[in-house]
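Peer 1: The following block contains the structure, expressed as structure tokens.
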2 protein chains.
Amino acid sequence: MAINRKEEFTDTDQELSMLAKAMSHPARIAILRVLAIRRTCICGEIVDVLPLAQATVSQHLKELLTAGLIKGAIDGKKSCYCINWDTLQAFNTTFNTLFGDLETAGGNQNCC
Amino acid sequence: MAINRKEEFTDTDQELSMLAKAMSHPARIAILRVLAIRRTCICGEIVDVLPLAQATVSQHLKELLTAGLIKGAIDGKKSCYCINWDTLQAFNTTFNTLFGDLETAGGNQNCC
DNA sequence: ATTATATATCGTAAATATACGATATATAAT
DNA sequence: ATTATATATCGTATATTTACGATATATAAT
């Protein structure tokens, strides 16, 4: 059992769920937060800020990279990460498209 | 190993990651989509629409319920679900707060 | 009362995620 | 050349998720 059925859903829903999954751990949210606030490349200090071992942080960074939410570059001895604003904005747009404008659509009536 | 370190992050980041996690499977996105488009309670038809066994769909529904993204009510023989717009809007707001307005902040310069 | 139908829950197998120590790699400093 | 430092990768233990068949539960229909 536990065969993968994810591919049987639409491309859009797979894409959205992949991005959501990338943000489904507080450590990765925390990393995004640091990068977003500084708006520049961050090298190394990420490990100091998180309550996780270096290997674990590296693993989380890799997941954010794979999802396309951050970009990375090797800069001499250190590595350097920053937010991929394009992907992030795409996520935001797709999410907003999914549910429409909750306010104006007048669909706030709850039926249960 | 694999001790849970999630509680060592801020409440906000835990909350955001929980909601993201709830949306981290295309089946759950698909369910939200059906409920959001119809804007009324849906009973049963969800199972017909998804490529998953009834037990699996029920499990996904429970996860969306636990996350607070949907509400459910038992209506006779059937069960009835609808979107919890309050939670959904809260997620949207928190997400937007996290990254600010990407357009106007002028932070779109990429450094790597 | 019996039967049919809808949904939830239980049990469980397989897959994936989380976490970290140990180690590899690669540059910088001496 | 040697040493120190930063980061990535490997191996692995444990936890969680995904998926479904079987079964329980609860109402509706006959």
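Chain labels run A, B, ... following the order of the structure tokens; each chain numbers its residues from 1, and ligands are numbered from 1 in the order shown.
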Define the interface residues of chain D facing chain A as those within 10 Å, counting only C-alpha atoms (C1' of nucleotides), and report them as a PyMOL selection string.
Peer 2: chain D and resi 5-9+17-20
Peer 1: Which polymer residues have any atom within 12 Å of an atom of DG11 of chain C, counting only C-alpha atoms (C1' of nucleotides), with same-chain residues fewer than 5 positions away left out, as a list in words?
Peer 2: DC20, DG21, DA22 and DT23 of chain D
Peer 1: Please list as an NGL selection string every residue within 12 Å of segment 63-67 of chain A, counting only C-alpha atoms (C1' of nucleotides) and excluding residues in the same chain fewer than 3 positions away.
Peer 2: (:A and (14-25 or 27-32 or 35 or 56-60 or 70-73 or 80-84 or 87-88 or 91)) or (:C and (17))
Peer 1: Compute the set of chain C residues within 10 Å of chain A, using only C-alpha atoms (C1' of nucleotides), and express it as an NGL selection string.
Peer 2: :C and (12-15 or 18-21 or 26-28)
Peer 1: Calculate how many Å separate atom CA of Phe99 of chain B from atom CA of Asn92 of chain A, rounding to one decimal.
Peer 2: 9.9 Å
Peer 1: Which is closer to chain A than all the others in B:Ala90, B:Ile46, B:Pro26, B:Leu69, using only C-alpha atoms?
Peer 2: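 Checking each of B:Ala90, B:Ile46, B:Pro26, B:Leu69 against chain A, counting only C-alpha atoms, the winner is B:Pro26.
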Peer 1: Tell me, which residues of segment 40-112 of chain A carry DSSP alpha helix (DSSP H), written as a ChimeraX atom specification?
Peer 2: /A:45-49,54-67,85-99
Peer 1: Store the residues of this selection in a file with N, CA, C and O atoms, as a short mmCIF file (atom, residue, chain, number, x, y, z; two decimals), in the first residue's frame.
Peer 2:
data_model
loop_
_atom_site.label_atom_id
_atom_site.label_comp_id
_atom_site.auth_asym_id
_atom_site.auth_seq_id
_atom_site.Cartn_x
_atom_site.Cartn_y
_atom_site.Cartn_z
N GLU A 45 24.96 32.53 9.01
CA GLU A 45 24.26 32.92 10.25
C GLU A 45 22.97 32.17 10.47
O GLU A 45 22.45 32.13 11.58
N ILE A 46 22.42 31.60 9.41
CA ILE A 46 21.18 30.86 9.56
C ILE A 46 21.31 29.75 10.59
O ILE A 46 20.42 29.56 11.42
N VAL A 47 22.40 29.04 10.55
CA VAL A 47 22.62 27.94 11.50
C VAL A 47 22.62 28.46 12.93
O VAL A 47 22.05 27.84 13.83
N ASP A 48 23.24 29.63 13.15
CA ASP A 48 23.33 30.18 14.50
C ASP A 48 21.95 30.51 15.07
O ASP A 48 21.73 30.41 16.27
N VAL A 49 21.04 30.91 14.19
CA VAL A 49 19.74 31.39 14.63
C VAL A 49 18.78 30.25 14.96
O VAL A 49 17.90 30.39 15.81
N GLN A 54 23.76 21.67 12.41
CA GLN A 54 24.16 22.19 11.11
C GLN A 54 23.69 21.29 9.98
O GLN A 54 23.20 21.78 8.95
N ALA A 55 23.81 20.00 10.15
CA ALA A 55 23.41 19.06 9.10
C ALA A 55 21.92 19.17 8.81
O ALA A 55 21.50 19.10 7.65
N THR A 56 21.14 19.38 9.86
CA THR A 56 19.69 19.48 9.69
C THR A 56 19.31 20.76 8.96
O THR A 56 18.45 20.75 8.08
N VAL A 57 19.97 21.85 9.31
CA VAL A 57 19.70 23.12 8.64
C VAL A 57 20.04 23.00 7.15
O VAL A 57 19.27 23.44 6.29
N SER A 58 21.15 22.39 6.86
CA SER A 58 21.57 22.19 5.48
C SER A 58 20.52 21.41 4.71
O SER A 58 20.22 21.70 3.55
N GLN A 59 19.94 20.41 5.38
CA GLN A 59 18.90 19.60 4.76
C GLN A 59 17.66 20.45 4.47
O GLN A 59 17.08 20.34 3.38
N HIS A 60 17.26 21.29 5.41
CA HIS A 60 16.11 22.17 5.19
C HIS A 60 16.37 23.16 4.06
O HIS A 60 15.49 23.43 3.23
N LEU A 61 17.60 23.69 4.00
CA LEU A 61 17.96 24.62 2.92
C LEU A 61 17.83 23.93 1.57
O LEU A 61 17.33 24.52 0.60
N LYS A 62 18.25 22.69 1.51
CA LYS A 62 18.18 21.94 0.26
C LYS A 62 16.72 21.78 -0.20
O LYS A 62 16.42 21.88 -1.39
N GLU A 63 15.84 21.56 0.76
CA GLU A 63 14.42 21.40 0.41
C GLU A 63 13.84 22.70 -0.13
O GLU A 63 13.05 22.68 -1.09
N LEU A 64 14.23 23.82 0.48
CA LEU A 64 13.76 25.12 -0.01
C LEU A 64 14.32 25.38 -1.41
O LEU A 64 13.63 25.95 -2.27
N LEU A 65 15.57 24.98 -1.65
CA LEU A 65 16.19 25.13 -2.96
C LEU A 65 15.43 24.31 -4.00
O LEU A 65 15.07 24.81 -5.06
N THR A 66 15.19 23.03 -3.67
CA THR A 66 14.49 22.13 -4.59
C THR A 66 13.11 22.67 -4.95
O THR A 66 12.68 22.58 -6.10
N ALA A 67 12.44 23.24 -3.97
CA ALA A 67 11.11 23.80 -4.21
C ALA A 67 11.18 25.10 -5.00
O ALA A 67 10.17 25.60 -5.47
N TRP A 85 12.15 35.57 -5.18
CA TRP A 85 10.91 36.33 -5.11
C TRP A 85 9.91 35.91 -6.18
O TRP A 85 8.71 35.95 -5.97
N ASP A 86 10.41 35.51 -7.33
CA ASP A 86 9.51 35.09 -8.41
C ASP A 86 8.64 33.92 -7.98
O ASP A 86 7.42 33.95 -8.12
N THR A 87 9.26 32.89 -7.45
CA THR A 87 8.51 31.71 -7.02
C THR A 87 7.53 32.06 -5.90
O THR A 87 6.39 31.62 -5.88
N LEU A 88 8.03 32.86 -4.97
CA LEU A 88 7.21 33.23 -3.83
C LEU A 88 5.98 33.99 -4.27
O LEU A 88 4.86 33.73 -3.81
N GLN A 89 6.18 34.91 -5.20
CA GLN A 89 5.05 35.69 -5.70
C GLN A 89 4.09 34.79 -6.48
O GLN A 89 2.87 34.93 -6.37
N ALA A 90 4.65 33.84 -7.22
CA ALA A 90 3.82 32.90 -7.97
C ALA A 90 2.94 32.10 -7.02
O ALA A 90 1.75 31.89 -7.27
N PHE A 91 3.52 31.68 -5.91
CA PHE A 91 2.75 30.94 -4.91
C PHE A 91 1.61 31.79 -4.39
O PHE A 91 0.45 31.35 -4.31
N ASN A 92 1.94 33.01 -4.05
CA ASN A 92 0.95 33.92 -3.52
C ASN A 92 -0.19 34.13 -4.52
O ASN A 92 -1.37 34.05 -4.17
N THR A 93 0.17 34.34 -5.76
CA THR A 93 -0.82 34.57 -6.81
C THR A 93 -1.71 33.34 -7.01
O THR A 93 -2.94 33.44 -7.05
N THR A 94 -1.08 32.18 -7.10
CA THR A 94 -1.84 30.95 -7.31
C THR A 94 -2.80 30.69 -6.16
O THR A 94 -3.95 30.30 -6.36
N PHE A 95 -2.30 30.94 -4.96
CA PHE A 95 -3.14 30.74 -3.79
C PHE A 95 -4.34 31.67 -3.82
O PHE A 95 -5.48 31.25 -3.58
N ASN A 96 -4.06 32.94 -4.13
CA ASN A 96 -5.16 33.91 -4.19
C ASN A 96 -6.14 33.56 -5.28
O ASN A 96 -7.35 33.73 -5.13
N THR A 97 -5.63 33.06 -6.40
CA THR A 97 -6.50 32.65 -7.49
C THR A 97 -7.41 31.52 -7.05
O THR A 97 -8.60 31.50 -7.36
N LEU A 98 -6.84 30.57 -6.31
CA LEU A 98 -7.61 29.41 -5.87
C LEU A 98 -8.86 29.81 -5.11
O LEU A 98 -9.94 29.30 -5.34
N PHE A 99 -8.71 30.71 -4.20
CA PHE A 99 -9.85 31.01 -3.34
C PHE A 99 -10.56 32.32 -3.67
O PHE A 99 -11.59 32.64 -3.06
#
